[in-house]
Each structure stands twice: as C-alpha cells, then as structure tokens.
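**Q** What follows is the file coords01.csv, containing CSV, C-alpha atoms:
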chain,number,residue,atom,x,y,z
R,1,MET,CA,-15.3,-73.1,-17.1
R,2,ALA,CA,-15.3,-69.4,-16.2
R,3,ILE,CA,-14.8,-66.8,-18.9
R,4,ALA,CA,-11.7,-64.6,-18.5
R,5,LYS,CA,-12.6,-61.1,-17.1
R,6,GLU,CA,-11.0,-59.3,-20.0
R,7,LEU,CA,-12.9,-61.4,-22.6
R,8,THR,CA,-16.2,-60.8,-20.8
R,9,LYS,CA,-15.5,-57.1,-20.7
R,10,ALA,CA,-14.7,-57.0,-24.4
R,11,ILE,CA,-17.8,-58.9,-25.4
R,12,LEU,CA,-20.1,-56.8,-23.2
R,13,ASN,CA,-18.4,-53.5,-24.2
R,14,GLU,CA,-19.0,-54.2,-27.9
R,15,HIS,CA,-22.6,-55.4,-27.2
R,16,GLN,CA,-23.3,-52.2,-25.2
R,17,ALA,CA,-21.9,-50.0,-27.9
R,18,HIS,CA,-23.6,-51.8,-30.8
R,19,PRO,CA,-26.4,-54.1,-29.6
R,20,GLN,CA,-27.5,-54.8,-33.2
R,21,LEU,CA,-24.3,-56.5,-34.0
R,22,THR,CA,-23.8,-60.1,-35.4
R,23,LEU,CA,-21.1,-62.7,-34.9
R,24,ILE,CA,-19.4,-61.1,-38.0
R,25,ASP,CA,-19.1,-57.8,-36.2
R,26,TYR,CA,-17.7,-59.5,-33.0
R,27,TYR,CA,-15.2,-61.1,-35.3
R,28,LYS,CA,-14.3,-57.8,-36.8
R,29,TYR,CA,-13.9,-56.2,-33.4
R,30,PHE,CA,-11.5,-58.9,-32.2
R,31,SER,CA,-9.6,-59.2,-35.4
R,32,GLN,CA,-9.1,-55.5,-35.5
R,33,SER,CA,-7.6,-55.6,-32.1
R,34,ALA,CA,-5.2,-58.4,-33.2
R,35,PHE,CA,-4.3,-57.1,-36.7
R,36,GLY,CA,-4.8,-53.4,-36.6
R,37,PRO,CA,-5.2,-51.4,-39.8
R,38,GLY,CA,-2.2,-52.6,-41.8
R,39,HIS,CA,-4.3,-55.0,-44.0
R,40,ILE,CA,-6.2,-52.1,-45.7
R,41,ILE,CA,-3.3,-50.0,-46.8
R,42,LYS,CA,-2.0,-51.0,-50.2
R,43,ASP,CA,-0.4,-47.6,-50.8
R,44,ILE,CA,-0.5,-44.4,-48.9
R,45,ASP,CA,-1.8,-42.1,-51.6
R,46,SER,CA,-4.8,-44.4,-52.3
R,47,ALA,CA,-5.5,-44.7,-48.6
R,48,ARG,CA,-5.5,-40.9,-48.3
R,49,ALA,CA,-7.8,-40.5,-51.3
R,50,TYR,CA,-10.2,-43.1,-50.0
R,51,LEU,CA,-10.3,-41.4,-46.6
R,52,GLU,CA,-11.0,-38.0,-48.2
R,53,LYS,CA,-13.7,-39.6,-50.5
R,54,GLU,CA,-15.4,-41.4,-47.5
R,55,LEU,CA,-15.3,-38.2,-45.4
R,56,GLU,CA,-16.9,-36.1,-48.2
R,57,GLU,CA,-19.6,-38.7,-49.0
R,58,SER,CA,-20.5,-39.6,-45.4
R,59,THR,CA,-23.4,-37.7,-43.8
R,60,ALA,CA,-24.4,-40.1,-40.9
R,61,PHE,CA,-22.0,-41.4,-38.3
R,62,ASP,CA,-22.0,-43.8,-35.3
R,63,PRO,CA,-22.5,-41.5,-32.2
R,64,ILE,CA,-19.4,-43.1,-30.6
R,65,GLU,CA,-16.5,-40.9,-31.4
R,66,ILE,CA,-13.7,-43.2,-29.9
R,67,GLN,CA,-14.1,-46.8,-29.1
R,68,ALA,CA,-11.5,-49.0,-27.5
R,69,CYS,CA,-10.8,-52.1,-29.6
R,70,ASP,CA,-8.2,-53.4,-27.2
R,71,TYR,CA,-8.6,-57.1,-26.3
R,72,PHE,CA,-5.3,-58.0,-28.0
R,73,LEU,CA,-3.5,-54.8,-28.8
R,74,PRO,CA,-4.6,-51.2,-27.7
R,75,PHE,CA,-6.3,-50.0,-30.9
R,76,TYR,CA,-9.1,-47.5,-31.1
R,77,ARG,CA,-11.8,-46.9,-33.6
R,78,VAL,CA,-11.6,-43.2,-34.2
R,79,ASN,CA,-14.7,-41.9,-35.9
R,80,LEU,CA,-14.5,-39.7,-39.0
R,81,SER,CA,-17.1,-37.5,-37.5
R,82,LEU,CA,-14.2,-35.9,-35.6
R,83,LEU,CA,-12.9,-34.7,-38.9
R,84,LYS,CA,-16.3,-33.7,-40.2
R,85,GLU,CA,-16.9,-31.6,-37.1
R,86,GLU,CA,-13.3,-30.2,-37.3
R,87,LYS,CA,-12.3,-31.5,-33.9
R,88,LEU,CA,-9.3,-33.0,-35.6
R,89,GLY,CA,-7.3,-32.1,-38.7
R,90,ILE,CA,-7.1,-34.6,-41.5
R,91,ASP,CA,-3.3,-34.6,-41.6
R,92,GLU,CA,-2.9,-35.4,-38.0
R,93,TYR,CA,-5.6,-38.1,-38.2
R,94,PHE,CA,-4.1,-39.7,-41.3
R,95,THR,CA,-0.6,-39.7,-40.0
R,96,ALA,CA,-1.7,-41.5,-36.8
R,97,PHE,CA,-3.6,-44.0,-38.9
R,98,ILE,CA,-0.5,-44.7,-41.2
R,99,LYS,CA,1.8,-45.0,-38.2
R,100,SER,CA,-0.6,-47.5,-36.6
R,101,ALA,CA,-0.5,-49.5,-39.7
R,102,HIS,CA,3.2,-49.5,-40.3
R,103,GLU,CA,4.8,-49.3,-36.9
R,104,ILE,CA,2.8,-51.8,-34.8
R,105,GLU,CA,3.5,-55.5,-35.0
R,106,PRO,CA,0.2,-57.4,-35.3
R,107,ILE,CA,-0.7,-60.6,-33.6
R,108,LYS,CA,0.2,-63.7,-35.6
R,109,GLN,CA,-2.8,-65.1,-37.5
R,110,MET,CA,-2.4,-68.6,-36.0
R,111,HIS,CA,-2.3,-67.1,-32.5
R,112,PHE,CA,-5.5,-65.2,-33.2
R,113,LEU,CA,-7.2,-68.3,-34.6
R,114,ALA,CA,-6.3,-70.3,-31.6
R,115,ARG,CA,-8.0,-67.8,-29.4
R,116,TRP,CA,-11.0,-67.2,-31.7
R,117,GLU,CA,-12.7,-70.5,-30.8
R,118,ASN,CA,-12.6,-69.6,-27.1
R,119,ILE,CA,-14.1,-66.2,-28.0
R,120,VAL,CA,-17.0,-67.8,-29.9
R,121,ASN,CA,-17.7,-70.1,-27.0
R,122,ALA,CA,-17.6,-67.2,-24.6
R,123,ILE,CA,-20.0,-65.2,-26.8
R,124,LYS,CA,-22.5,-68.1,-26.9
R,125,LYS,CA,-22.2,-68.6,-23.1
R,126,LEU,CA,-22.7,-64.9,-22.3
R,127,TYR,CA,-25.7,-64.6,-24.6
R,128,ILE,CA,-27.4,-67.4,-22.9
R,129,MET,CA,-26.4,-66.3,-19.4
R,130,ASN,CA,-26.4,-62.5,-19.5
R,131,ILE,CA,-27.3,-60.7,-22.7
R,132,GLU,CA,-30.3,-62.2,-24.4
R,133,GLY,CA,-31.2,-65.3,-22.3
R,134,ASP,CA,-31.4,-68.6,-24.3
R,135,GLU,CA,-30.8,-66.7,-27.5
R,136,GLN,CA,-28.0,-66.5,-29.9
R,137,LEU,CA,-27.0,-63.7,-32.2
R,138,PRO,CA,-29.0,-63.4,-35.4
R,139,SER,CA,-27.6,-65.6,-38.2
R,140,PHE,CA,-25.1,-67.1,-35.8
R,141,ALA,CA,-24.7,-70.4,-37.5
R,142,HIS,CA,-24.5,-68.9,-40.9
R,143,ASP,CA,-21.9,-66.4,-39.8
R,144,LEU,CA,-19.8,-69.0,-38.0
R,145,SER,CA,-19.8,-71.1,-41.2
R,146,PHE,CA,-18.8,-68.1,-43.3
R,147,LEU,CA,-15.9,-67.3,-41.0
R,148,GLN,CA,-14.7,-70.9,-41.0
R,149,GLU,CA,-14.7,-71.0,-44.8
R,150,MET,CA,-12.9,-67.6,-44.8
R,151,HIS,CA,-10.2,-69.0,-42.6
R,152,GLN,CA,-9.9,-72.2,-44.7
R,153,GLN,CA,-9.1,-69.9,-47.6
R,154,GLY,CA,-6.4,-68.2,-45.6
R,155,GLN,CA,-8.4,-64.9,-45.2
R,156,TYR,CA,-8.7,-63.2,-41.8
R,157,ILE,CA,-10.4,-59.9,-42.6
R,158,CYS,CA,-14.0,-59.1,-43.3
R,159,HIS,CA,-16.4,-56.2,-43.5
R,160,HIS,CA,-19.1,-55.3,-40.9
R,161,SER,CA,-22.4,-57.0,-41.4
R,162,ASN,CA,-25.1,-55.2,-43.4
R,163,GLN,CA,-27.2,-55.1,-40.3
R,164,PHE,CA,-24.3,-53.3,-38.4
R,165,LYS,CA,-23.8,-50.9,-41.3
R,166,ARG,CA,-27.5,-50.0,-41.5
R,167,ALA,CA,-27.8,-49.5,-37.7
R,168,TYR,CA,-24.5,-47.6,-37.0
R,169,ASN,CA,-23.0,-46.0,-40.1
R,170,PRO,CA,-19.5,-47.0,-39.2
R,171,HIS,CA,-16.9,-44.6,-40.6
R,172,TYR,CA,-13.7,-44.8,-38.7
R,173,ARG,CA,-10.0,-45.7,-38.8
R,174,LEU,CA,-8.0,-47.8,-36.3
R,175,ILE,CA,-5.4,-45.9,-34.5
R,176,HIS,CA,-3.0,-47.4,-31.9
R,177,ARG,CA,-2.8,-45.9,-28.5
R,178,ASP,CA,0.8,-44.8,-29.1
R,179,PHE,CA,-0.3,-42.5,-32.0
R,180,ILE,CA,-3.7,-41.1,-30.7
R,181,PRO,CA,-3.8,-37.4,-31.5
R,182,LYS,CA,-3.1,-35.2,-28.5
R,183,ALA,CA,-6.5,-33.7,-28.6
R,184,LEU,CA,-8.0,-37.1,-27.8
R,185,ILE,CA,-5.7,-38.3,-25.1
R,186,ASN,CA,-7.9,-37.2,-22.2
R,187,ASP,CA,-10.9,-38.9,-23.8
R,188,LEU,CA,-9.3,-42.3,-23.6
R,189,ALA,CA,-9.8,-42.5,-19.8
R,190,LYS,CA,-13.5,-42.0,-20.2
R,191,ILE,CA,-14.3,-44.9,-22.5
R,192,PRO,CA,-14.8,-48.6,-21.7
R,193,HIS,CA,-11.7,-50.7,-22.0
R,194,CYS,CA,-11.4,-54.5,-21.6
R,195,ARG,CA,-7.8,-54.2,-20.2
What is this structure when it is put down as structure tokens?
**A**
Amino acid sequence: MAIAKELTKAILNEHQAHPQLTLIDYYKYFSQSAFGPGHIIKDIDSARAYLEKELEESTAFDPIEIQACDYFLPFYRVNLSLLKEEKLGIDEYFTAFIKSAHEIEPIKQMHFLARWENIVNAIKKLYIMNIEGDEQLPSFAHDLSFLQEMHQQGQYICHHSNQFKRAYNPHYRLIHRDFIPKALINDLAKIPHCR
C-alpha cells in the first residue's frame, strides 16, 4: 500500500531536519502537531517563569529557527534563539504561545492513536526503501514498546530522546500558524511543510 504524500513529506522533513532522531522523536513531532502546546501549561505565571529560566540558561540551540510541525494541525516549533538574538520580543512570543495553547482545539487522543499505527508502518517502510536501506531507527523496538506502555497508561506526551537532546539542543515553543508573530510570517513560506 502506498504511503500518503503528506505523511511521506512529514517523515522526510523531520528526518532531513534532525537525522539523529529516534522513534520517540518522530512520535513527539506527530503528537505535537495533533495536541499543540496545551498539555505543558499548568498555569501562565509558571509557564512564563520556566520560559525565562530556559532562555537564561540556554547557550546552544538547534540551528533551525522555525520548523513546521503541521501533519495534523499547523503548528510551528519556534526556537528560543530568536529571543536570545533579540529578533523577537519575549512578550510577543509568550502571548503567541499561550494563545496557541488555549485557543486551538487539539486532535482527539483516540483519533491520533488510530493514525499513529499507520505512521509507524510508514516510518518502517520509508527507512527500508529510502532513508537508511534495510535499517530501522536506533532503539526502534525499545521505543515502540515504551510508547505502547505509555498509551496503555493513558499518557500521550513524552520528551525528546536523549540522543536528540544531545545532537540538537531543542529549545522551542509550539506556536499555531494563526498566532505566529508578524516578524516571522514571511519566513513560513521558506520552510518545508507537509501540507
């Protein structure tokens, strides 16, 4: 069975952006597109304090400033480096992040899970056919088992793998297309999308 064009593009876009990823990181990419940032905001003051602390303590960043994370919903990973380099103000950035969390209806968890199995099969097929040739992602079986156990416990959110963190220093927040700061609007046309 052929893999849908949008799914192929999403998998290949994330592999091209972060070739040292694992299945956990593919899962994070797709789940972020489905659920957005709402799950991480317990209260606004704490979210702001955590953002400020992360910004102050971070010295290395993924070189990708804006990445489309748009297989389900049009979210973007917007790098904190844009704040560090003063290309964006923290108030504008944080407001866009909060609006993305509170004003966008996420995909239902059961709908996401129904699609996740097809995504895993597409990843396996693409790795054998196009990406690594007869290879799977590192720790694929372990990660798949971890994700299945996580779902059985009613959890749907995880962190990036340690391998991904070491390779890419991910420091970003998810922002929905409707709330992207004006200074970044023109940049959206230049980045790879799956839809």
**Q** Name the closest residue to Ile44 in chain R among the candidates R:Cys194, R:Leu21, R:Leu147, R:Ile98; distances are taken between atoms, counting only C-alpha atoms.
**A**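 Under the stated criterion, the closest residue is R:Ile98.
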**Q** When you look at range 179-188 of chain R with a cut-off of 10 Å (counting only C-alpha atoms), what residues show up, excluding the ones that are within fewer than 5 positions of it in the same chain? I need them as a JSON list (two decimals) with C-alpha atoms, in the frame of the given file.
**A**
[["chain", "number", "residue", "atom", "x", "y", "z"],
["R", 65, "GLU", "CA", -16.50, -40.90, -31.40],
["R", 66, "ILE", "CA", -13.70, -43.20, -29.90],
["R", 67, "GLN", "CA", -14.10, -46.80, -29.10],
["R", 68, "ALA", "CA", -11.50, -49.00, -27.50],
["R", 75, "PHE", "CA", -6.30, -50.00, -30.90],
["R", 76, "TYR", "CA", -9.10, -47.50, -31.10],
["R", 78, "VAL", "CA", -11.60, -43.20, -34.20],
["R", 87, "LYS", "CA", -12.30, -31.50, -33.90],
["R", 88, "LEU", "CA", -9.30, -33.00, -35.60],
["R", 89, "GLY", "CA", -7.30, -32.10, -38.70],
["R", 92, "GLU", "CA", -2.90, -35.40, -38.00],
["R", 93, "TYR", "CA", -5.60, -38.10, -38.20],
["R", 95, "THR", "CA", -0.60, -39.70, -40.00],
["R", 96, "ALA", "CA", -1.70, -41.50, -36.80],
["R", 97, "PHE", "CA", -3.60, -44.00, -38.90],
["R", 98, "ILE", "CA", -0.50, -44.70, -41.20],
["R", 99, "LYS", "CA", 1.80, -45.00, -38.20],
["R", 100, "SER", "CA", -0.60, -47.50, -36.60],
["R", 103, "GLU", "CA", 4.80, -49.30, -36.90],
["R", 174, "LEU", "CA", -8.00, -47.80, -36.30],
["R", 193, "HIS", "CA", -11.70, -50.70, -22.00]]
**Q** Tell me which of R:Ala17, R:Leu80, R:Ile41, R:Cys69 sits closest to Glu57 in chain R, counting only C-alpha atoms.
**A**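 Of the candidates, the smallest distance to Glu57 in chain R is held by R:Leu80.
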**Q** Considering all atoms listed in the file, state which residue in the set R:Ala47, R:Met110, R:Ile191, R:Ile24 is at the smallest distance from His160 in chain R.
**A**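 Closest candidate: R:Ile24.
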**Q** Go ahead and compute the interatomic distance for CA of Asp43 in chain R and CA of Met150 in chain R, in Å to one decimal.
**A** 24.3 Å
**Q** Can you tell me which residues surround Ala122 in chain R at a distance of at most 8 Å, considering only C-alpha atoms, apart from same-chain residues fewer than 6 positions away, and format the answer as an NGL selection string?
**A** :R and (3 or 7-8)
**Q** State, in Å with one decimal place, the distance from CA of Tyr29 in chain R to CA of Lys108 in chain R.
**A**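 Those two atoms sit 16.1 Å apart.
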**Q** Using all atoms listed in the file, collect all residues at a distance of at most 12 Å from (4.7, -57.3, -35.0) as written in the file, then present them as a list of chain:residue names.
**A** R:Ala34, R:Phe35, R:Gly36, R:Gly38, R:Leu73, R:Ser100, R:Ala101, R:His102, R:Glu103, R:Ile104, R:Glu105, R:Pro106, R:Ile107, R:Lys108, R:Gln109
**Q** R:Glu117, R:Ile128, R:Asp70, R:Leu137: which is nearest Asn13 in chain R, counting all atoms listed in the file?
**A**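 The shortest atom-to-atom distance to Asn13 in chain R comes from R:Asp70.
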**Q** Edge lengths and centre, in Å to one decimal, as lines of an AutoDock Vina configuration file: that's what I need for the box along x, y and z that holds all listed atoms of range 67-75 of chain R plus 4 Å on each side.
**A**
center_x = -8.8
center_y = -52.4
center_z = -28.6
size_x = 18.6
size_y = 19.2
size_z = 12.6
**Q** Find the residues around Tyr71 in chain R up to 7 Å (only C-alpha atoms counted), leave out those fewer than 4 positions away in its own chain, and share them as a list in words.
**A** Ala10, Phe30, Ser33, Cys194 and Arg195 of chain R
**Q** From the list R:Pro19, R:Ile175, R:Ala4, R:Gln152, which residue is nearest Asn121 in chain R when using only C-alpha atoms?
**A**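 Looking at the shortest contact to Asn121 in chain R, the residue is R:Ala4.
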**Q** What gap, in Å, lies between CA of Leu82 in chain R and CA of Gln32 in chain R?
**A**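 Between CA of Leu82 in chain R and CA of Gln32 in chain R the gap is 20.3 Å.
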**Q** Given the choices R:Phe94, R:Asp62, R:Pro138, R:Lys84, which gets closest to Gln163 in chain R if the distance is worked out from only C-alpha atoms?
**A** R:Pro138
**Q** Could you list, as a list in words, every residue within 12 Å of His15 in chain R, counting only C-alpha atoms and ignoring same-chain residues fewer than 4 positions away?
**A**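 Everything that qualifies: Thr8, Lys9, Ala10, Ile11, Pro19, Gln20, Leu21, Thr22, Leu23, Asp25, Tyr26, Tyr29, Ile123, Leu126, Tyr127, Asn130, Ile131, Glu132, Leu137, Phe164 and Pro192 of chain R.
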**Q** Provide range 94-119 of chain R rebuilt to N, CA and C atoms, formatted as a tab-separated table (two decimals), in the coordinates of the input.
**A**
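File written: out.tsv
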chain	number	residue	atom	x	y	z
R	94	PHE	N	-4.67	-38.76	-40.32
R	94	PHE	CA	-4.10	-39.70	-41.30
R	94	PHE	C	-2.74	-40.17	-40.92
R	95	THR	N	-1.92	-39.28	-40.41
R	95	THR	CA	-0.60	-39.70	-40.00
R	95	THR	C	-0.65	-40.71	-38.85
R	96	ALA	N	-1.55	-40.51	-37.90
R	96	ALA	CA	-1.70	-41.50	-36.80
R	96	ALA	C	-2.18	-42.82	-37.33
R	97	PHE	N	-3.07	-42.81	-38.29
R	97	PHE	CA	-3.60	-44.00	-38.90
R	97	PHE	C	-2.44	-44.78	-39.63
R	98	ILE	N	-1.66	-44.08	-40.42
R	98	ILE	CA	-0.50	-44.70	-41.20
R	98	ILE	C	0.50	-45.26	-40.21
R	99	LYS	N	0.85	-44.51	-39.18
R	99	LYS	CA	1.80	-45.00	-38.20
R	99	LYS	C	1.28	-46.26	-37.51
R	100	SER	N	0.00	-46.29	-37.22
R	100	SER	CA	-0.60	-47.50	-36.60
R	100	SER	C	-0.53	-48.69	-37.48
R	101	ALA	N	-0.60	-48.45	-38.78
R	101	ALA	CA	-0.50	-49.50	-39.70
R	101	ALA	C	0.89	-50.05	-39.94
R	102	HIS	N	1.85	-49.15	-39.92
R	102	HIS	CA	3.20	-49.50	-40.30
R	102	HIS	C	4.17	-49.76	-39.15
R	103	GLU	N	3.86	-49.24	-37.97
R	103	GLU	CA	4.80	-49.30	-36.90
R	103	GLU	C	4.43	-50.24	-35.74
R	104	ILE	N	3.29	-50.89	-35.85
R	104	ILE	CA	2.80	-51.80	-34.80
R	104	ILE	C	2.84	-53.24	-35.35
R	105	GLU	N	3.46	-54.12	-34.61
R	105	GLU	CA	3.50	-55.50	-35.00
R	105	GLU	C	2.20	-56.21	-34.64
R	106	PRO	N	1.46	-56.72	-35.63
R	106	PRO	CA	0.20	-57.40	-35.30
R	106	PRO	C	0.38	-58.74	-34.66
R	107	ILE	N	-0.71	-59.24	-34.10
R	107	ILE	CA	-0.70	-60.60	-33.60
R	107	ILE	C	-0.63	-61.57	-34.75
R	108	LYS	N	0.06	-62.67	-34.58
R	108	LYS	CA	0.20	-63.70	-35.60
R	108	LYS	C	-1.21	-64.31	-35.89
R	109	GLN	N	-1.50	-64.59	-37.15
R	109	GLN	CA	-2.80	-65.10	-37.50
R	109	GLN	C	-3.13	-66.44	-36.80
R	110	MET	N	-2.15	-67.30	-36.67
R	110	MET	CA	-2.40	-68.60	-36.00
R	110	MET	C	-2.68	-68.40	-34.51
R	111	HIS	N	-2.03	-67.42	-33.90
R	111	HIS	CA	-2.30	-67.10	-32.50
R	111	HIS	C	-3.73	-66.61	-32.34
R	112	PHE	N	-4.13	-65.73	-33.26
R	112	PHE	CA	-5.50	-65.20	-33.20
R	112	PHE	C	-6.51	-66.35	-33.39
R	113	LEU	N	-6.30	-67.21	-34.38
R	113	LEU	CA	-7.20	-68.30	-34.60
R	113	LEU	C	-7.36	-69.24	-33.43
R	114	ALA	N	-6.25	-69.47	-32.76
R	114	ALA	CA	-6.30	-70.30	-31.60
R	114	ALA	C	-7.15	-69.73	-30.48
R	115	ARG	N	-7.22	-68.43	-30.41
R	115	ARG	CA	-8.00	-67.80	-29.40
R	115	ARG	C	-9.49	-67.56	-29.86
R	116	TRP	N	-9.70	-67.51	-31.18
R	116	TRP	CA	-11.00	-67.20	-31.70
R	116	TRP	C	-12.06	-68.25	-31.26
R	117	GLU	N	-11.70	-69.52	-31.24
R	117	GLU	CA	-12.70	-70.50	-30.80
R	117	GLU	C	-13.14	-70.29	-29.38
R	118	ASN	N	-12.23	-69.90	-28.50
R	118	ASN	CA	-12.60	-69.60	-27.10
R	118	ASN	C	-13.52	-68.35	-27.07
R	119	ILE	N	-13.24	-67.38	-27.94
R	119	ILE	CA	-14.10	-66.20	-28.00
R	119	ILE	C	-15.49	-66.53	-28.42
